[in-house]
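Next comes entry10.cif, with mmCIF, C-alpha atoms.
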data_target
loop_
_atom_site.group_PDB
_atom_site.id
_atom_site.type_symbol
_atom_site.label_atom_id
_atom_site.label_comp_id
_atom_site.auth_asym_id
_atom_site.auth_seq_id
_atom_site.Cartn_x
_atom_site.Cartn_y
_atom_site.Cartn_z
ATOM 1 C CA MET R 1 113.515 107.458 23.437
ATOM 2 C CA VAL R 2 110.725 105.029 24.295
ATOM 3 C CA GLN R 3 107.273 106.181 23.197
ATOM 4 C CA ILE R 4 104.519 106.165 25.811
ATOM 5 C CA GLY R 5 100.992 105.215 24.835
ATOM 6 C CA TYR R 6 97.511 105.261 26.319
ATOM 7 C CA THR R 7 95.127 102.283 26.404
ATOM 8 C CA MET R 8 91.425 102.543 25.661
ATOM 9 C CA MET R 9 90.356 99.616 27.845
ATOM 10 C CA THR R 10 87.023 98.533 26.399
ATOM 11 C CA GLU R 11 86.428 96.241 29.374
ATOM 12 C CA GLN R 12 86.136 99.150 31.804
ATOM 13 C CA ALA R 13 84.324 101.989 30.013
ATOM 14 C CA GLY R 14 81.476 102.603 27.600
ATOM 15 C CA PRO R 15 81.961 103.748 23.990
ATOM 16 C CA ARG R 16 81.364 107.478 24.451
ATOM 17 C CA GLU R 17 83.603 107.531 27.489
ATOM 18 C CA LEU R 18 86.394 105.722 25.621
ATOM 19 C CA VAL R 19 86.355 108.311 22.858
ATOM 20 C CA GLY R 20 86.501 111.083 25.436
ATOM 21 C CA HIS R 21 89.421 109.365 27.124
ATOM 22 C CA VAL R 22 91.523 109.128 23.959
ATOM 23 C CA VAL R 23 90.781 112.774 23.181
ATOM 24 C CA GLY R 24 92.127 113.543 26.648
ATOM 25 C CA ALA R 25 95.169 111.346 26.048
ATOM 26 C CA GLU R 26 95.961 113.255 22.874
ATOM 27 C CA ARG R 27 95.640 116.538 24.754
ATOM 28 C CA ALA R 28 97.860 115.234 27.576
ATOM 29 C CA GLY R 29 100.646 114.422 25.111
ATOM 30 C CA PHE R 30 100.655 110.640 24.849
ATOM 31 C CA ASP R 31 102.575 109.441 21.799
ATOM 32 C CA PHE R 32 100.056 106.838 20.640
ATOM 33 C CA SER R 33 96.986 104.904 21.728
ATOM 34 C CA VAL R 34 95.802 101.320 21.633
ATOM 35 C CA THR R 35 92.442 99.693 22.251
ATOM 36 C CA SER R 36 91.453 96.246 23.399
ATOM 37 C CA ASP R 37 88.863 94.342 21.365
ATOM 38 C CA HIS R 38 86.692 92.321 23.732
ATOM 39 C CA TYR R 39 83.254 90.733 23.826
ATOM 40 C CA PHE R 40 83.461 90.188 27.608
ATOM 41 C CA PRO R 41 85.249 91.965 30.446
ATOM 42 C CA TRP R 42 87.757 89.894 32.393
ATOM 43 C CA LEU R 43 85.789 90.385 35.606
ATOM 44 C CA ASP R 44 82.223 91.518 36.238
ATOM 45 C CA SER R 45 83.508 94.495 38.220
ATOM 46 C CA GLN R 46 84.985 95.997 35.045
ATOM 47 C CA GLY R 47 81.490 96.078 33.610
ATOM 48 C CA HIS R 48 81.870 96.914 29.889
ATOM 49 C CA ALA R 49 82.651 95.503 26.439
ATOM 50 C CA PRO R 50 81.532 97.822 23.586
ATOM 51 C CA TYR R 51 82.423 97.085 19.970
ATOM 52 C CA ALA R 52 85.995 98.310 19.567
ATOM 53 C CA TRP R 53 85.737 99.045 15.838
ATOM 54 C CA SER R 54 82.885 101.513 16.274
ATOM 55 C CA VAL R 55 84.908 103.190 19.010
ATOM 56 C CA LEU R 56 87.903 103.387 16.674
ATOM 57 C CA GLY R 57 85.839 105.032 13.939
ATOM 58 C CA ALA R 58 84.573 107.644 16.380
ATOM 59 C CA ALA R 59 88.055 108.147 17.839
ATOM 60 C CA ALA R 60 89.500 108.688 14.371
ATOM 61 C CA GLN R 61 87.096 111.584 13.874
ATOM 62 C CA ALA R 62 87.435 113.028 17.375
ATOM 63 C CA THR R 63 91.250 113.158 17.378
ATOM 64 C CA GLU R 64 93.793 114.777 15.086
ATOM 65 C CA ARG R 65 97.277 113.525 15.943
ATOM 66 C CA ILE R 66 97.364 110.468 18.149
ATOM 67 C CA PRO R 67 97.935 107.093 16.413
ATOM 68 C CA LEU R 68 95.341 104.356 16.948
ATOM 69 C CA MET R 69 95.844 100.595 17.184
ATOM 70 C CA THR R 70 94.067 97.375 18.099
ATOM 71 C CA TYR R 71 95.772 95.612 21.002
ATOM 72 C CA VAL R 72 94.746 93.083 19.853
ATOM 73 C CA THR R 73 92.150 91.770 17.425
ATOM 74 C CA CYS R 74 91.745 88.047 16.807
ATOM 75 C CA PRO R 75 91.107 87.613 13.048
ATOM 76 C CA THR R 76 90.216 83.924 13.148
ATOM 77 C CA THR R 77 87.007 83.174 15.058
ATOM 78 C CA ARG R 78 84.584 86.003 15.875
ATOM 79 C CA TYR R 79 85.861 87.810 12.788
ATOM 80 C CA HIS R 80 86.756 86.402 9.402
ATOM 81 C CA PRO R 81 90.105 87.771 8.157
ATOM 82 C CA ALA R 82 88.496 89.239 5.028
ATOM 83 C CA VAL R 83 86.213 91.321 7.258
ATOM 84 C CA VAL R 84 89.117 92.378 9.491
ATOM 85 C CA ALA R 85 90.954 93.622 6.405
ATOM 86 C CA GLN R 86 87.966 95.731 5.365
ATOM 87 C CA LYS R 87 87.556 97.185 8.868
ATOM 88 C CA ALA R 88 91.240 98.011 9.182
ATOM 89 C CA ALA R 89 91.433 99.663 5.765
ATOM 90 C CA THR R 90 88.399 101.804 6.622
ATOM 91 C CA VAL R 91 89.843 102.944 9.961
ATOM 92 C CA GLN R 92 93.117 103.765 8.227
ATOM 93 C CA LEU R 93 91.187 106.019 5.829
ATOM 94 C CA LEU R 94 89.132 107.632 8.590
ATOM 95 C CA SER R 95 92.237 108.325 10.671
ATOM 96 C CA GLN R 96 94.233 109.554 7.666
ATOM 97 C CA GLY R 97 96.999 107.034 8.128
ATOM 98 C CA ARG R 98 97.159 106.837 11.924
ATOM 99 C CA PHE R 99 96.038 103.219 12.366
ATOM 100 C CA ARG R 100 97.996 100.043 13.062
ATOM 101 C CA LEU R 101 96.370 96.616 13.045
ATOM 102 C CA GLY R 102 97.434 94.565 16.048
ATOM 103 C CA LEU R 103 96.566 90.871 15.734
ATOM 104 C CA GLY R 104 96.728 87.872 18.033
ATOM 105 C CA SER R 105 95.533 84.300 18.328
ATOM 106 C CA GLY R 106 92.754 85.312 20.706
ATOM 107 C CA GLU R 107 91.237 84.402 24.056
ATOM 108 C CA ASN R 108 88.462 81.938 24.738
ATOM 109 C CA LEU R 109 86.851 84.709 26.791
ATOM 110 C CA ASN R 110 85.857 86.538 23.623
ATOM 111 C CA GLU R 111 85.917 83.986 20.821
ATOM 112 C CA HIS R 112 83.649 81.343 22.370
ATOM 113 C CA VAL R 113 80.554 83.427 21.643
ATOM 114 C CA VAL R 114 80.229 82.203 18.041
ATOM 115 C CA GLY R 115 80.079 78.581 19.168
ATOM 116 C CA GLY R 116 82.964 77.223 17.127
ATOM 117 C CA GLY R 117 84.857 75.687 20.018
ATOM 118 C CA TRP R 118 88.297 76.671 21.234
ATOM 119 C CA PRO R 119 91.160 74.912 19.455
ATOM 120 C CA ALA R 120 94.595 74.081 20.803
ATOM 121 C CA ALA R 121 97.268 76.774 20.784
ATOM 122 C CA HIS R 122 99.146 75.377 17.778
ATOM 123 C CA VAL R 123 95.935 75.399 15.725
ATOM 124 C CA ARG R 124 95.186 78.957 16.771
ATOM 125 C CA LEU R 125 98.614 80.059 15.567
ATOM 126 C CA ALA R 126 98.190 78.240 12.260
ATOM 127 C CA LYS R 127 94.874 80.032 11.774
ATOM 128 C CA LEU R 128 96.506 83.356 12.628
ATOM 129 C CA GLU R 129 99.258 82.792 10.063
ATOM 130 C CA GLU R 130 96.722 82.037 7.328
ATOM 131 C CA ALA R 131 94.631 85.060 8.357
ATOM 132 C CA VAL R 132 97.615 87.422 8.107
ATOM 133 C CA GLU R 133 98.351 86.175 4.605
ATOM 134 C CA ILE R 134 94.730 86.816 3.535
ATOM 135 C CA ILE R 135 94.744 90.308 5.046
ATOM 136 C CA ARG R 136 98.042 91.164 3.338
ATOM 137 C CA SER R 137 96.646 90.090 -0.040
ATOM 138 C CA LEU R 138 93.554 92.244 0.404
ATOM 139 C CA PHE R 139 95.637 95.216 1.553
ATOM 140 C CA ALA R 140 97.591 94.835 -1.694
ATOM 141 C CA GLY R 141 94.398 95.405 -3.688
ATOM 142 C CA GLU R 142 94.202 91.868 -5.000
ATOM 143 C CA ASN R 143 91.050 90.053 -5.959
ATOM 144 C CA VAL R 144 91.347 87.216 -3.494
ATOM 145 C CA ASN R 145 90.150 83.656 -3.922
ATOM 146 C CA HIS R 146 91.548 81.481 -1.177
ATOM 147 C CA HIS R 147 90.838 77.941 -0.074
ATOM 148 C CA GLY R 148 93.143 77.101 2.775
ATOM 149 C CA ALA R 149 93.322 74.777 5.740
ATOM 150 C CA HIS R 150 91.149 77.053 7.882
ATOM 151 C CA PHE R 151 89.570 79.773 5.723
ATOM 152 C CA ASP R 152 87.754 80.193 2.447
ATOM 153 C CA VAL R 153 87.608 83.521 0.637
ATOM 154 C CA GLU R 154 85.418 83.857 -2.448
ATOM 155 C CA ASN R 155 86.113 86.690 -4.889
ATOM 156 C CA ALA R 156 86.965 89.308 -2.248
ATOM 157 C CA LYS R 157 88.401 92.756 -2.953
ATOM 158 C CA LEU R 158 88.677 95.928 -0.890
ATOM 159 C CA TRP R 159 87.185 98.848 -2.804
ATOM 160 C CA ASP R 160 88.300 101.554 -0.373
ATOM 161 C CA LEU R 161 92.003 101.194 0.203
ATOM 162 C CA PRO R 162 94.353 103.701 1.848
ATOM 163 C CA ASP R 163 97.518 104.710 0.023
ATOM 164 C CA THR R 164 99.496 103.154 2.867
ATOM 165 C CA PRO R 165 98.022 99.952 4.317
ATOM 166 C CA PRO R 166 97.916 99.704 8.108
ATOM 167 C CA PRO R 167 101.091 98.175 9.517
ATOM 168 C CA ILE R 168 100.374 94.754 11.007
ATOM 169 C CA GLY R 169 101.495 93.791 14.492
ATOM 170 C CA VAL R 170 101.415 90.263 15.897
ATOM 171 C CA ALA R 171 101.331 89.361 19.588
ATOM 172 C CA VAL R 172 104.272 87.283 20.792
ATOM 173 C CA SER R 173 104.183 84.890 23.732
ATOM 174 C CA GLY R 174 106.469 81.988 22.753
ATOM 175 C CA ASP R 175 108.892 80.712 20.134
ATOM 176 C CA ARG R 176 106.273 79.845 17.524
ATOM 177 C CA SER R 177 104.509 83.211 17.737
ATOM 178 C CA CYS R 178 107.874 85.023 17.640
ATOM 179 C CA GLU R 179 108.806 83.151 14.465
ATOM 180 C CA LEU R 180 105.456 84.008 12.896
ATOM 181 C CA ALA R 181 105.664 87.657 13.934
ATOM 182 C CA GLY R 182 109.264 88.096 12.803
ATOM 183 C CA ARG R 183 108.455 86.673 9.403
ATOM 184 C CA LEU R 184 105.025 88.205 8.707
ATOM 185 C CA ALA R 185 104.522 91.261 10.914
ATOM 186 C CA ASP R 186 105.675 94.867 10.806
ATOM 187 C CA LEU R 187 105.911 95.050 14.601
ATOM 188 C CA ALA R 188 105.776 92.869 17.706
ATOM 189 C CA ILE R 189 103.257 93.124 20.534
ATOM 190 C CA GLY R 190 103.929 91.885 24.062
ATOM 191 C CA THR R 191 102.417 92.101 27.526
ATOM 192 C CA GLU R 192 105.487 91.330 29.634
ATOM 193 C CA PRO R 193 109.071 92.663 29.580
ATOM 194 C CA GLU R 194 110.613 89.378 28.516
ATOM 195 C CA PRO R 195 113.919 89.892 26.654
ATOM 196 C CA SER R 196 113.811 86.396 25.143
ATOM 197 C CA LEU R 197 110.648 87.273 23.210
ATOM 198 C CA ILE R 198 112.279 90.328 21.675
ATOM 199 C CA SER R 199 115.475 88.482 20.810
ATOM 200 C CA ALA R 200 113.467 85.664 19.195
ATOM 201 C CA PHE R 201 111.416 88.179 17.210
ATOM 202 C CA ASP R 202 114.609 89.877 16.028
ATOM 203 C CA ARG R 203 116.198 86.550 15.147
ATOM 204 C CA HIS R 204 113.265 85.609 12.905
ATOM 205 C CA GLY R 205 113.238 88.852 10.920
ATOM 206 C CA GLY R 206 112.014 91.470 13.370
ATOM 207 C CA ALA R 207 115.279 93.358 13.880
ATOM 208 C CA GLY R 208 114.707 97.083 13.504
ATOM 209 C CA LYS R 209 110.924 96.789 13.721
ATOM 210 C CA PRO R 210 108.888 98.427 16.521
ATOM 211 C CA LYS R 211 108.145 96.415 19.661
ATOM 212 C CA ILE R 212 105.147 97.482 21.725
ATOM 213 C CA GLY R 213 104.534 96.478 25.334
ATOM 214 C CA GLN R 214 101.726 97.202 27.764
ATOM 215 C CA LEU R 215 101.781 97.994 31.473
ATOM 216 C CA PRO R 216 98.808 98.338 33.859
ATOM 217 C CA ILE R 217 99.018 100.961 36.579
ATOM 218 C CA CYS R 218 96.490 102.323 39.054
ATOM 219 C CA TYR R 219 96.907 106.020 39.742
ATOM 220 C CA ASP R 220 95.146 107.500 42.752
ATOM 221 C CA ALA R 221 96.185 110.065 45.328
ATOM 222 C CA ASP R 222 95.048 107.495 47.913
ATOM 223 C CA ARG R 223 97.332 104.472 47.490
ATOM 224 C CA ASP R 224 95.074 102.172 49.498
ATOM 225 C CA ALA R 225 92.157 103.056 47.213
ATOM 226 C CA ALA R 226 94.350 102.373 44.189
ATOM 227 C CA ILE R 227 95.352 98.952 45.522
ATOM 228 C CA ALA R 228 91.728 98.056 46.275
ATOM 229 C CA ARG R 229 90.627 99.075 42.773
ATOM 230 C CA ALA R 230 93.473 97.208 41.098
ATOM 231 C CA HIS R 231 92.616 94.097 43.089
ATOM 232 C CA ASP R 232 88.925 94.406 42.298
ATOM 233 C CA GLN R 233 89.332 94.880 38.546
ATOM 234 C CA PHE R 234 92.789 93.636 37.530
ATOM 235 C CA ARG R 235 93.803 90.729 39.739
ATOM 236 C CA TRP R 236 93.436 88.450 36.677
ATOM 237 C CA PHE R 237 96.474 90.103 35.073
ATOM 238 C CA GLY R 238 98.990 87.954 36.916
ATOM 239 C CA GLY R 239 97.564 84.715 35.538
ATOM 240 C CA GLY R 240 99.802 84.779 32.483
ATOM 241 C CA TRP R 241 98.959 84.142 28.862
ATOM 242 C CA PRO R 242 98.609 80.320 29.020
ATOM 243 C CA VAL R 243 95.842 80.687 31.624
ATOM 244 C CA ASN R 244 94.232 83.913 30.432
ATOM 245 C CA SER R 245 93.758 82.652 26.882
ATOM 246 C CA GLU R 246 91.858 79.548 27.995
ATOM 247 C CA LEU R 247 89.255 80.620 30.554
ATOM 248 C CA PRO R 248 85.778 81.077 29.011
ATOM 249 C CA GLY R 249 84.229 83.918 31.023
ATOM 250 C CA PRO R 250 84.359 86.359 33.951
ATOM 251 C CA ASP R 251 83.175 83.696 36.385
ATOM 252 C CA GLY R 252 86.183 81.573 35.459
ATOM 253 C CA PHE R 253 88.556 84.459 36.071
ATOM 254 C CA ALA R 254 86.856 85.222 39.381
ATOM 255 C CA GLY R 255 87.319 81.634 40.467
ATOM 256 C CA ALA R 256 90.908 81.440 39.258
ATOM 257 C CA THR R 257 91.851 84.586 41.189
ATOM 258 C CA GLN R 258 89.834 84.088 44.362
ATOM 259 C CA PHE R 259 92.957 83.651 46.475
ATOM 260 C CA VAL R 260 94.880 86.608 45.015
ATOM 261 C CA ARG R 261 95.338 89.214 47.756
ATOM 262 C CA PRO R 262 95.493 93.011 47.391
ATOM 263 C CA GLU R 263 99.138 92.957 48.462
ATOM 264 C CA ASP R 264 99.889 90.441 45.690
ATOM 265 C CA VAL R 265 98.466 92.837 43.122
ATOM 266 C CA ALA R 266 100.344 95.795 44.601
ATOM 267 C CA ARG R 267 103.643 93.954 44.108
ATOM 268 C CA THR R 268 103.099 93.634 40.354
ATOM 269 C CA ILE R 269 101.069 96.758 39.469
ATOM 270 C CA PRO R 270 102.240 100.274 40.426
ATOM 271 C CA CYS R 271 99.511 101.763 42.628
ATOM 272 C CA GLY R 272 99.175 105.309 43.966
ATOM 273 C CA ASP R 273 100.806 108.534 42.796
ATOM 274 C CA ASP R 274 104.501 107.640 42.942
ATOM 275 C CA VAL R 275 105.930 108.679 39.569
ATOM 276 C CA GLY R 276 109.172 106.894 40.316
ATOM 277 C CA ALA R 277 107.371 103.563 40.772
ATOM 278 C CA VAL R 278 105.880 103.827 37.293
ATOM 279 C CA VAL R 279 109.224 104.812 35.775
ATOM 280 C CA GLU R 280 110.847 101.772 37.369
ATOM 281 C CA ALA R 281 108.025 99.540 36.077
ATOM 282 C CA VAL R 282 108.542 100.844 32.529
ATOM 283 C CA ARG R 283 112.322 100.452 32.662
ATOM 284 C CA PRO R 284 112.365 96.624 32.219
ATOM 285 C CA TYR R 285 110.438 97.028 28.959
ATOM 286 C CA VAL R 286 113.044 99.457 27.692
ATOM 287 C CA ASP R 287 115.867 97.181 28.833
ATOM 288 C CA ALA R 288 114.195 94.217 27.100
ATOM 289 C CA GLY R 289 114.137 96.088 23.790
ATOM 290 C CA PHE R 290 110.617 97.465 23.604
ATOM 291 C CA THR R 291 110.401 100.738 21.691
ATOM 292 C CA GLU R 292 106.882 101.657 22.856
ATOM 293 C CA VAL R 293 104.935 101.044 26.067
ATOM 294 C CA ALA R 294 101.167 101.558 26.376
ATOM 295 C CA LEU R 295 99.942 102.329 29.895
ATOM 296 C CA VAL R 296 96.603 101.043 31.194
ATOM 297 C CA GLN R 297 95.020 103.186 33.894
ATOM 298 C CA ILE R 298 92.815 100.841 35.915
ATOM 299 C CA GLY R 299 89.268 102.078 36.504
ATOM 300 C CA GLY R 300 86.984 103.504 33.846
ATOM 301 C CA ASP R 301 85.838 106.281 36.180
ATOM 302 C CA HIS R 302 89.386 107.332 37.035
ATOM 303 C CA GLN R 303 90.785 108.394 33.667
ATOM 304 C CA GLU R 304 90.541 112.176 33.902
ATOM 305 C CA PRO R 305 92.673 112.571 37.042
ATOM 306 C CA PHE R 306 95.144 110.078 35.595
ATOM 307 C CA LEU R 307 95.424 112.064 32.359
ATOM 308 C CA GLU R 308 95.969 115.299 34.258
ATOM 309 C CA TRP R 309 98.648 113.682 36.450
ATOM 310 C CA SER R 310 100.266 112.154 33.369
ATOM 311 C CA GLN R 311 100.487 115.486 31.589
ATOM 312 C CA GLN R 312 101.893 117.316 34.577
ATOM 313 C CA LYS R 313 104.187 114.724 36.163
ATOM 314 C CA LEU R 314 104.320 111.241 34.675
ATOM 315 C CA LEU R 315 105.024 111.864 30.993
ATOM 316 C CA PRO R 316 107.849 114.359 31.670
ATOM 317 C CA ALA R 317 109.515 111.787 33.918
ATOM 318 C CA LEU R 318 109.091 108.965 31.401
ATOM 319 C CA ARG R 319 110.575 111.107 28.633
ATOM 320 C CA GLU R 320 113.898 110.885 30.460
ATOM 321 C CA LEU R 321 113.993 107.127 29.845
#
Please, can you express the file's structure as structure tokens?
Amino acid sequence: MVQIGYTMMTEQAGPRELVGHVVGAERAGFDFSVTSDHYFPWLDSQGHAPYAWSVLGAAAQATERIPLMTYVTCPTTRYHPAVVAQKAATVQLLSQGRFRLGLGSGENLNEHVVGGGWPAAHVRLAKLEEAVEIIRSLFAGENVNHHGAHFDVENAKLWDLPDTPPPIGVAVSGDRSCELAGRLADLAIGTEPEPSLISAFDRHGGAGKPKIGQLPICYDADRDAAIARAHDQFRWFGGGWPVNSELPGPDGFAGATQFVRPEDVARTIPCGDDVGAVVEAVRPYVDAGFTEVALVQIGGDHQEPFLEWSQQKLLPALREL
């Protein structure tokens, strides 16, 4: 049975609200939760970008059962991998073993803020590979001295380590990232139901490991209102990873999506209160080999009715998948 998760979307709600939302998701019966880790929203209309790791610490204390996960953190530019390892180990302790560390090669949208430039995709993946190796060594309790192609670590050690280190997930978007993830990660992370990504991950060592996808939806009893909100806040979603990873800010995403129409968004994002439409949108992920799917409810002010609808109607229907 596919597990259904809830997304704390840091781009569309403040920190206290996000914690309240994941508490509600746990109460509604979601199997797990994930959180984005952004410095900027995709579009100005989303309006938020609190520090995800503070939110995770608060969420770990406010919840009891629901697993937590970054979806995803870039451990190469804004954050040094040694610091990511410390943060992840601490959240694993606070959550009593409920945390998974999702990693990716990042987006210019968030990483440009430290002024280091934005390297080519192959360099970003090489940095990610080196970062994962550093994090693994620190999770193992080693005293780490590392002088690599991209990172230096001087006499680092984690003094507060959980008994079980957080499992590491790596985002997959092409052959090179699938090879890296299959070899180094405990699970794969994807944003589209592409069977070739899952088969490549399996081929490179990922067979039998969890595969987690993500699907935006826009619940509202008024379908036209749902379509308008999805267009206002999520029309960037259809740009695809090669575009979305390169643009430097919300103005760039606004310009790149200026000709996207509401009806275009409605064709790719389930909008309204049709449970069957969401089930059919989740089905390709299951068919592609994903074992978990995290839903994103679009609109920070529209989480409570979505959680109530999910508990009463959506989750029971998705359980049948």
Shell around Pro162 of chain R at 7 Å using all atoms listed in the file, local window under 4 positions removed, as a PyMOL selection string: chain R and resi 89+92-93
What does the distance between atom CA of Pro284 of chain R and atom CA of Gly29 of chain R come to in Å, to one decimal place?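 The value is 22.5 Å.
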Please compute the atom CA of Val114 of chain R-atom CA of Thr77 of chain R distance, one decimal, in Å.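 Distance between the two atoms: 7.5 Å.
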For a cut-off of 9 Å around (114.6, 92.4, 18.0), file coordinates, pick out all residues using all atoms listed in the file and list them as a PyMOL selection string. chain R and resi 182+188+197-211+289-290
Point (81.1, 90.6, 24.3), cut-off 9 Å, counting all atoms listed in the file, residues as a PyMOL selection string: chain R and resi 38-41+48-51+109-111+113
Student task, segment 48-65 of chain R output with N, CA and C atoms as a short mmCIF file (atom, residue, chain, number, x, y, z; two decimals), in the first residue's frame:
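After the write, out.cif holds the following:
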data_model
loop_
_atom_site.label_atom_id
_atom_site.label_comp_id
_atom_site.auth_asym_id
_atom_site.auth_seq_id
_atom_site.Cartn_x
_atom_site.Cartn_y
_atom_site.Cartn_z
N HIS R 48 6.02 33.61 1.82
CA HIS R 48 6.71 33.17 3.04
C HIS R 48 8.00 32.43 2.70
N ALA R 49 8.87 32.32 3.68
CA ALA R 49 10.07 31.47 3.58
C ALA R 49 10.77 31.43 4.94
N PRO R 50 10.14 30.88 6.00
CA PRO R 50 10.80 30.76 7.29
C PRO R 50 11.89 29.68 7.24
N TYR R 51 12.72 29.67 8.28
CA TYR R 51 13.83 28.73 8.35
C TYR R 51 13.29 27.34 8.68
N ALA R 52 13.44 26.42 7.74
CA ALA R 52 12.81 25.10 7.86
C ALA R 52 13.30 24.33 9.08
N TRP R 53 14.57 24.50 9.46
CA TRP R 53 15.11 23.68 10.54
C TRP R 53 14.57 24.09 11.90
N SER R 54 14.25 25.35 12.08
CA SER R 54 13.57 25.76 13.31
C SER R 54 12.16 25.19 13.35
N VAL R 55 11.50 25.21 12.20
CA VAL R 55 10.15 24.63 12.10
C VAL R 55 10.20 23.14 12.43
N LEU R 56 11.21 22.43 11.92
CA LEU R 56 11.32 21.01 12.19
C LEU R 56 11.52 20.73 13.68
N GLY R 57 12.35 21.54 14.35
CA GLY R 57 12.55 21.35 15.78
C GLY R 57 11.25 21.52 16.55
N ALA R 58 10.49 22.55 16.19
CA ALA R 58 9.20 22.78 16.85
C ALA R 58 8.22 21.66 16.53
N ALA R 59 8.21 21.22 15.27
CA ALA R 59 7.30 20.15 14.86
C ALA R 59 7.62 18.85 15.58
N ALA R 60 8.90 18.59 15.80
CA ALA R 60 9.29 17.37 16.51
C ALA R 60 8.73 17.34 17.92
N GLN R 61 8.63 18.51 18.54
CA GLN R 61 8.09 18.58 19.90
C GLN R 61 6.57 18.60 19.93
N ALA R 62 5.96 19.13 18.87
CA ALA R 62 4.51 19.29 18.85
C ALA R 62 3.78 18.04 18.39
N THR R 63 4.49 17.11 17.75
CA THR R 63 3.88 15.89 17.25
C THR R 63 4.41 14.68 18.00
N GLU R 64 3.74 13.55 17.82
CA GLU R 64 4.14 12.33 18.52
C GLU R 64 4.45 11.18 17.60
N ARG R 65 3.77 11.09 16.47
CA ARG R 65 3.83 9.90 15.62
C ARG R 65 4.39 10.17 14.23
#
